[in-house]
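Trainee: Sharing a structure below in structure tokens format, with a few things to ask.
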Amino acid sequence: MANELVFRTCPITGKKVYATTQNLIWINAVTAVVFILIGGIMAFLVGMTRWPAVHLLPADLFYRFLTAHGLNMLIFWIIFFEIAGLYFGSSVLLNSRLAAPKIAWLAYILMLVGAVLVDIMVFTGKATVMFSSYVPLQADPLYYLGIILFAVGALIGCAIFFGTLAVAKAEKTYEGSVPLVTFGLAAAAIIAVFTLACGAIIFIPTFLWSLGLITNLDPAVYRLIFWGLGHASQQINVTAMVSIWYLLAALTVGAKPVNEKICRSAFFLYILFINLASEHHLLTDPTLSPYHKMANTSYFMYLAVLASMIHALAIPMTVEVAQRKKGYTKGLFEWLTKAPWGEPGFSAMIFSLFIFGFIGGITGVVYGTEQLSIKSHNTWALTGHFHGTVVGGTTLAFMGLTYYVIPLIFRRELIGKKLAVAQPYIFAIGIILIALGMGGAGTLGSPRRHWDVTFADAVLPFSFDPAVIFFTTIAAIGVITAVTGGLMYVGVSVLSVFFGRRLAPNEAKML
Amino acid sequence: MPITSPEKYWWKPADKEEKIWISISLLWCLVLTVMMPLMHFIGTQNPSVNPMRIKPMDYRTISEAFIEKYKVGEEKGIPIVEPPDGADVYLRAQMWTWTPILKLKKGVNYKFHISSQDLMHGFSLQPLVMNFQIVPGHDNILNMTPTSAGTFHIICNEFCGIGHHTMIGKIIVS
């Protein structure tokens with residue numbers, strides 16, 4: 001293991017990059033990419049099965065691979081990448097050594113062992129329980145143990161982040177307040193602690209239940225607390241993604257936040273209010289009283305929406321101001337048309353913002369109302385909603401960032417720059433088609449997590465409006481497109497990380 | 001830059017554009033905040049009633065008695081039941097059937113009790129697309145009045161094992 005105090009100075013940003021931090025970012029990010037590859041292959045197989053024209057897999061493998069798709073994408077890919085992001089946001093941005101790197105390695109090993117254990121259980125068919133693993137549907141005890149190990153590892157990763165903030169403050173490695181990106185990531189880490197605590201509260205009893213040590217585990221209570229993990233983990237993603245938007249805007253057009261107070265206040269609103277959205281999963285459940293549902297969908301919930309509205313202004317605004325300072329002042333939109341559309345970080349950020357806001361965000365707010373939750377609950381439209389937020393939004397932003405992490409942190413030149421330039425466009429088009437196709441079919445009643453929407457084997461005959469098949473086909477074309485974009489991302493990043501030309505110590509090169 | 005510490009005093013008043021945008025957003029948020037409870041009272045699409053706990057075995061007994069009392073026929077082994085006007089209606093979800101098939105009257109209000117015998121199920125009424133989570137041990141109580149005649153189907157939209165996609169029920173409204 002490298003000495004904790006060895007560092008280099010980044011020739012572009014002037015930041016100190018400690019060798020221990022660099023190694024930890026490397027291992028977490030590379031592991032994340034391995035999991036997105038597994039999840040992407042599953043996406044293709046599952047997507048091709050949902051499409052009645054192909055109907056690729058048998059029912060048992062479909063449900064098994066669908067479980068694997070959800071876990072590898074929503075949990076493993078994203079959280080490994082976020083842990084890399086937390087180490088970057090604390091150690092690199094604050095010029096500080098990482099607090100307790102050995103424990104950070106322990107966190108990584110726990111997460112890896114947990115993830116591998118979960119994947120073994122799922123792929124061997126011992127845990128075909130979907131991402132949500134609703135009690136009383138039971139998986140092998142090792143599945144729950146894997147989730148617990150992963151969550152503990154991630155929690156330790158958050159602790160390392162907070163520890164590094166404390167070290168940086170004590171050793172005065174920066175002056176004044178922390179940078180905005182670090183502030184945003186700190187908000188994400190605070191939400192993560194709440195989220196992972198919910199995970200522990202529900203998965204430890206569920207693990208004991210699967211061993212037969214507990215018998216009376218209420219399925220409704222499980223649902224309530226599970227979504228404190230399941231949905232709240234997506235709130236970590238939202239918060240981390242917004243931080244990365246600010247970061248990408250800075251790296252690609254040199255954008256500076258117009259008003260730090262407003263941006264930071266919006267992050268603060270996320271911490272206080274965003275987790276109320278977790279309970280929207282329960283709006284059609286037989287557990288909450290009507291008044292509880294009214295309260296949840298009302299008042300504070302909209303303060304989190306307000307925060308997103310603020311970022312939706314602040315980020316395009318920082319880009320516009322930076323571009324206008326460069327002299328792109330003709331007309332209303334020259335700043336946008338003359339933007340660096342050939343830089344994958346910029347196109348990824350803009351598409352991520354657009355898809356997250358206009359597809360994922362709007363559908364989320366709409367489906368989060370009590371009456372419209374009845375129309376959308378458990379339909380494929382919901383799947384469309386979160387593919388807009390977590391894939392079109394978070395994943396695309398993380399992909400864009402990767403193209404800068406490789407030269408800046410890993411000091412390798414990108415292999416296949418043209419592919420990297422085209423990748424966000426192809427991936428974004430794919431995700432838009434997926435989200436719209438799922439949204440259309442779901443609005444007409446097509447259910448989520450369903451092997452055969454033609455109902456060929458059903459006892460009572462039933463068939464959907466033929467438009468469902470049309471929208472399913474649009475989604476399937478989207479799957480093929482997005483998986484192509486995903487493979488381009490994995491190809492470029494893996495080749496560059498392992499075989500890219502090593503940059504000279506003072507080579508100030510980004511793309 | 002968002003990657004460097006801001007200048008010492010960054011708590012500055014917002015610009016005019018920012019103030020306008022935030023005010024409009026906040027106003028819109030307040031409208032929605034008021035609309036949520038308001039729609040609950042003035043809207044006609046709020047079937048949620050205070051839910052109750054019920055043991056799966058107890059629910060089974062009640063729903064079997066309901067079927068026996070009002071049974072009028074059978075289709076492919078599934079009983080067809082025609083409850084009287086305004087009766088409590090019991091619809092049982094279990095892997096992978098909705099029991100019984102219901103015959104209801106247009107314009108009559110029924111109090112539905114839907115519960116599961118085994119896993120989670122998803123009540124999804126087609127082609128209206130109305131969806132409710134069905135949880136074992138809990139009675140999802142819904143006030144429903146059919147407003148049009150015809151044959152409606154119930155599909156399951158919560159994963160409930162290998163036969164999930166075959167789980168279909170039926171409601172006939174005359």
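Identifiers in this document derive from the order of the structure tokens: chains are assigned A, B, ..., residues are numbered from 1 separately in each chain, and ligands are numbered from 1 in order of occurrence.
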Can you list, as a list in words, every protein, DNA or RNA residue that comes within 7 Å of segment 75-83 of chain B when you count only C-alpha atoms, leaving out same-chain residues fewer than 2 positions away?

Mentor: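 Everything that qualifies: Ile67, Tyr70, Lys71, Val72, Gly73, Asp85, Ala87, Thr99, Pro100, Ile101, Leu102, Lys103 and Leu104 of chain B.
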
Trainee: Between A:Ile429, A:Glu343, A:Tyr489, A:Gly445, which has the minimum distance to Leu511 of chain A (counting only C-alpha atoms)?

Mentor: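 Of A:Ile429, A:Glu343, A:Tyr489, A:Gly445, the one nearest Leu511 of chain A, counting only C-alpha atoms, is A:Glu343.
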
Trainee: Here is a test: counting only C-alpha atoms, which residue of B:Gly150, B:Pro37, B:Pro84, B:Pro56 is nearest to chain A?

Mentor: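 Among the listed residues, the smallest separation from chain A belongs to B:Pro37.
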
Trainee: Find the residue from A:Ala420, A:Met48, A:Leu5, A:Leu460 that sits nearest to Phe152 of chain B; use only C-alpha atoms when measuring.

Mentor: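 Closest candidate: A:Leu460.
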
Trainee: Please identify which residues in chain B DSSP calls strand (DSSP E or B) from the backbone, and express them as a VMD selection string.

Mentor: chain B and resid 48 52 to 53 71 to 75 78 to 81 88 to 94 97 to 99 101 to 104 110 to 116 121 to 126 130 to 134 136 138 to 144 150 to 156 168 to 173

Trainee: For C-alpha atoms, I'd like the residues from the last selection saved as a PDB file, in the first residue's frame.

Mentor:
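Output contents, as saved in again_28.pdb:
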ATOM      1  CA  SER B  48     -58.794   4.973   0.335  1.00  0.00           C
ATOM      2  CA  MET B  52     -57.498  -2.947   8.704  1.00  0.00           C
ATOM      3  CA  ARG B  53     -55.344  -5.869   9.674  1.00  0.00           C
ATOM      4  CA  LYS B  71     -72.468 -17.974  -5.842  1.00  0.00           C
ATOM      5  CA  VAL B  72     -74.340 -18.052  -9.171  1.00  0.00           C
ATOM      6  CA  GLY B  73     -72.067 -20.129 -11.386  1.00  0.00           C
ATOM      7  CA  GLU B  74     -68.548 -21.150 -12.299  1.00  0.00           C
ATOM      8  CA  GLU B  75     -66.066 -20.460 -15.103  1.00  0.00           C
ATOM      9  CA  ILE B  78     -63.465 -20.186 -10.601  1.00  0.00           C
ATOM     10  CA  PRO B  79     -66.756 -19.375  -8.810  1.00  0.00           C
ATOM     11  CA  ILE B  80     -68.910 -16.549 -10.174  1.00  0.00           C
ATOM     12  CA  VAL B  81     -70.506 -14.497  -7.407  1.00  0.00           C
ATOM     13  CA  ASP B  88     -69.303  -5.967   1.241  1.00  0.00           C
ATOM     14  CA  VAL B  89     -67.376  -7.639  -1.557  1.00  0.00           C
ATOM     15  CA  TYR B  90     -64.440  -9.979  -0.883  1.00  0.00           C
ATOM     16  CA  LEU B  91     -61.795 -10.504  -3.547  1.00  0.00           C
ATOM     17  CA  ARG B  92     -59.055 -12.951  -2.624  1.00  0.00           C
ATOM     18  CA  ALA B  93     -55.616 -12.938  -4.211  1.00  0.00           C
ATOM     19  CA  GLN B  94     -53.474 -16.029  -4.081  1.00  0.00           C
ATOM     20  CA  THR B  97     -55.823 -16.500  -9.133  1.00  0.00           C
ATOM     21  CA  TRP B  98     -58.263 -13.755  -8.206  1.00  0.00           C
ATOM     22  CA  THR B  99     -61.269 -15.429  -6.537  1.00  0.00           C
ATOM     23  CA  ILE B 101     -65.337 -13.661 -10.585  1.00  0.00           C
ATOM     24  CA  LEU B 102     -67.699 -10.825  -9.588  1.00  0.00           C
ATOM     25  CA  LYS B 103     -71.007  -9.804 -11.161  1.00  0.00           C
ATOM     26  CA  LEU B 104     -71.818  -6.228 -10.165  1.00  0.00           C
ATOM     27  CA  TYR B 110     -69.734  -1.663  -3.163  1.00  0.00           C
ATOM     28  CA  LYS B 111     -67.244  -1.873  -0.346  1.00  0.00           C
ATOM     29  CA  PHE B 112     -64.360  -4.005  -1.590  1.00  0.00           C
ATOM     30  CA  HIS B 113     -62.146  -5.965   0.793  1.00  0.00           C
ATOM     31  CA  ILE B 114     -59.080  -7.230  -1.033  1.00  0.00           C
ATOM     32  CA  SER B 115     -56.391  -9.263   0.659  1.00  0.00           C
ATOM     33  CA  SER B 116     -53.788 -11.877  -0.103  1.00  0.00           C
ATOM     34  CA  HIS B 121     -50.053  -9.135  -5.213  1.00  0.00           C
ATOM     35  CA  GLY B 122     -50.985  -6.164  -7.344  1.00  0.00           C
ATOM     36  CA  PHE B 123     -54.666  -5.484  -8.097  1.00  0.00           C
ATOM     37  CA  SER B 124     -54.724  -3.852 -11.537  1.00  0.00           C
ATOM     38  CA  LEU B 125     -58.168  -3.259 -13.037  1.00  0.00           C
ATOM     39  CA  GLN B 126     -58.158  -3.249 -16.844  1.00  0.00           C
ATOM     40  CA  MET B 130     -56.577   1.362 -11.405  1.00  0.00           C
ATOM     41  CA  ASN B 131     -53.930  -0.222  -9.225  1.00  0.00           C
ATOM     42  CA  PHE B 132     -53.726  -1.192  -5.554  1.00  0.00           C
ATOM     43  CA  GLN B 133     -51.132  -3.039  -3.519  1.00  0.00           C
ATOM     44  CA  ILE B 134     -52.517  -6.204  -1.948  1.00  0.00           C
ATOM     45  CA  PRO B 136     -51.104 -10.459   3.152  1.00  0.00           C
ATOM     46  CA  HIS B 138     -53.941  -6.449   5.618  1.00  0.00           C
ATOM     47  CA  ASP B 139     -57.356  -5.672   4.193  1.00  0.00           C
ATOM     48  CA  ASN B 140     -57.258  -3.100   1.391  1.00  0.00           C
ATOM     49  CA  ILE B 141     -60.724  -1.535   1.769  1.00  0.00           C
ATOM     50  CA  LEU B 142     -61.959   0.380  -1.261  1.00  0.00           C
ATOM     51  CA  ASN B 143     -65.280   2.067  -1.967  1.00  0.00           C
ATOM     52  CA  MET B 144     -66.051   1.506  -5.617  1.00  0.00           C
ATOM     53  CA  GLY B 150     -68.988  -4.339 -19.538  1.00  0.00           C
ATOM     54  CA  THR B 151     -66.359  -6.931 -18.729  1.00  0.00           C
ATOM     55  CA  PHE B 152     -63.327  -5.799 -16.778  1.00  0.00           C
ATOM     56  CA  HIS B 153     -60.218  -7.832 -16.049  1.00  0.00           C
ATOM     57  CA  ILE B 154     -57.883  -7.828 -13.091  1.00  0.00           C
ATOM     58  CA  ILE B 155     -54.244  -8.566 -13.771  1.00  0.00           C
ATOM     59  CA  CYS B 156     -51.553  -8.962 -11.129  1.00  0.00           C
ATOM     60  CA  ILE B 168     -56.127 -12.931 -14.177  1.00  0.00           C
ATOM     61  CA  GLY B 169     -59.488 -12.140 -12.606  1.00  0.00           C
ATOM     62  CA  LYS B 170     -62.748 -10.793 -13.962  1.00  0.00           C
ATOM     63  CA  ILE B 171     -65.517  -8.356 -12.997  1.00  0.00           C
ATOM     64  CA  ILE B 172     -68.718  -8.286 -15.074  1.00  0.00           C
ATOM     65  CA  VAL B 173     -70.795  -5.113 -14.720  1.00  0.00           C
TER      66      VAL B 173
END

Trainee: Which residues, written as an MDAnalysis selection string, have at least one atom at most 8 Å from Ile204 of chain A, with only C-alpha atoms counted and residues fewer than 4 positions away on the same chain left out?

Mentor: chainID A and resid 144 148 200 208

Trainee: Next, the residues of the selection above should be written as a JSON list (two decimals), in the first residue's frame with C-alpha atoms.

Mentor:
[["chain", "number", "residue", "atom", "x", "y", "z"],
["A", 144, "TYR", "CA", -29.78, -10.87, 2.79],
["A", 148, "ILE", "CA", -26.11, -6.26, 4.77],
["A", 200, "ALA", "CA", -29.92, -2.20, 8.41],
["A", 208, "LEU", "CA", -33.06, -13.57, 10.85]]

Trainee: Write out as an NGL selection string each polymer residue whose atoms come within 9 Å of Gly163 of chain B, counting only C-alpha atoms; drop sequence neighbours fewer than 6 positions from it.

Mentor: (:A and (59)) or (:B and (95-96))

Trainee: I need the chosen residues saved as a tab-separated table (two decimals), in the first residue's frame, with C-alpha atoms.

Mentor:
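File part-v7.tsv, as written:
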chain	number	residue	atom	x	y	z
A	59	ALA	CA	-40.09	-17.22	-17.40
B	95	MET	CA	-50.87	-17.59	-6.34
B	96	TRP	CA	-52.11	-17.24	-9.14

Trainee: Rounded to one decimal in Å, what is the spacing between atom CA of Tyr367 of chain A and atom CA of Ser278 of chain A?

Mentor: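 It comes out at 12.3 Å.
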
Trainee: Rounded to one decimal in Å, what is the spacing between atom CA of Lys417 of chain A and atom CA of Val492 of chain A?

Mentor: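 Straight-line distance from atom CA of Lys417 of chain A to atom CA of Val492 of chain A works out to 7.9 Å.
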
Trainee: So which residues touch segment 4-15 of chain B within 9 Å, counting only C-alpha atoms, skipping near sequence neighbours fewer than 5 positions away, as a PyMOL selection string?

Mentor: (chain A and resi 93-94+174-181+259-262) or (chain B and resi 20)

Trainee: Write a file of the just-selected residues containing N, CA and C atoms, as a compact mmCIF listing (two decimals), in the first residue's frame.

Mentor:
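Resulting contents of out09.txt:
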# COMPACT_ATOMS: atom_id res chain seq x y z
N LEU A 93 -10.70 17.28 -3.85
CA LEU A 93 -11.17 18.68 -3.92
C LEU A 93 -10.70 19.50 -2.73
N LEU A 94 -10.45 18.86 -1.59
CA LEU A 94 -10.00 19.62 -0.43
C LEU A 94 -8.48 19.54 -0.24
N TYR A 174 -7.73 23.78 3.19
CA TYR A 174 -8.47 24.72 2.35
C TYR A 174 -8.87 25.90 3.22
N GLU A 175 -9.26 27.00 2.57
CA GLU A 175 -9.64 28.19 3.33
C GLU A 175 -11.12 28.48 3.16
N GLY A 176 -11.76 28.91 4.23
CA GLY A 176 -13.18 29.28 4.14
C GLY A 176 -14.08 28.06 4.08
N SER A 177 -15.09 28.11 3.21
CA SER A 177 -16.05 27.02 3.12
C SER A 177 -15.57 25.96 2.14
N VAL A 178 -16.16 24.75 2.23
CA VAL A 178 -15.80 23.70 1.28
C VAL A 178 -16.36 24.08 -0.10
N PRO A 179 -15.75 23.54 -1.18
CA PRO A 179 -16.29 23.82 -2.51
C PRO A 179 -17.73 23.31 -2.64
N LEU A 180 -18.46 23.89 -3.58
CA LEU A 180 -19.87 23.52 -3.76
C LEU A 180 -20.05 22.02 -4.05
N VAL A 181 -19.17 21.46 -4.89
CA VAL A 181 -19.31 20.04 -5.23
C VAL A 181 -19.16 19.18 -3.97
N ASN A 259 -24.78 32.00 -7.71
CA ASN A 259 -25.02 32.39 -6.33
C ASN A 259 -24.86 31.16 -5.43
N GLU A 260 -23.76 31.12 -4.70
CA GLU A 260 -23.46 29.96 -3.85
C GLU A 260 -24.55 29.75 -2.81
N LYS A 261 -25.13 30.83 -2.30
CA LYS A 261 -26.15 30.72 -1.26
C LYS A 261 -27.33 29.91 -1.77
N ILE A 262 -27.77 30.25 -2.98
CA ILE A 262 -28.96 29.59 -3.52
C ILE A 262 -28.68 28.12 -3.78
N ILE B 20 -37.28 35.88 -9.18
CA ILE B 20 -38.52 35.64 -9.94
C ILE B 20 -38.77 34.14 -10.07

Trainee: My list of candidates is A:Val321, A:Ala422, A:Val92, A:Ile271. Which is closest to Thr13 of chain A when distances are computed with only C-alpha atoms?

Mentor: A:Val92

Trainee: Within 9 Å of Arg223 of chain A, counting only C-alpha atoms, which residues show up once you throw out same-chain ones fewer than 3 positions away? Write them as a list in words, please.

Mentor: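 Once the adjacent positions are removed, what remains is Ser132, Tyr134, Val135, Asp218, Pro219, Ala220, Phe226, Trp227, Gly228, His281 and Leu282 of chain A.
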
Trainee: What is the distance, in Å and to one decimal place, between atom CA of Ile3 of chain B and atom CA of Asn3 of chain A?

Mentor: 25.5 Å
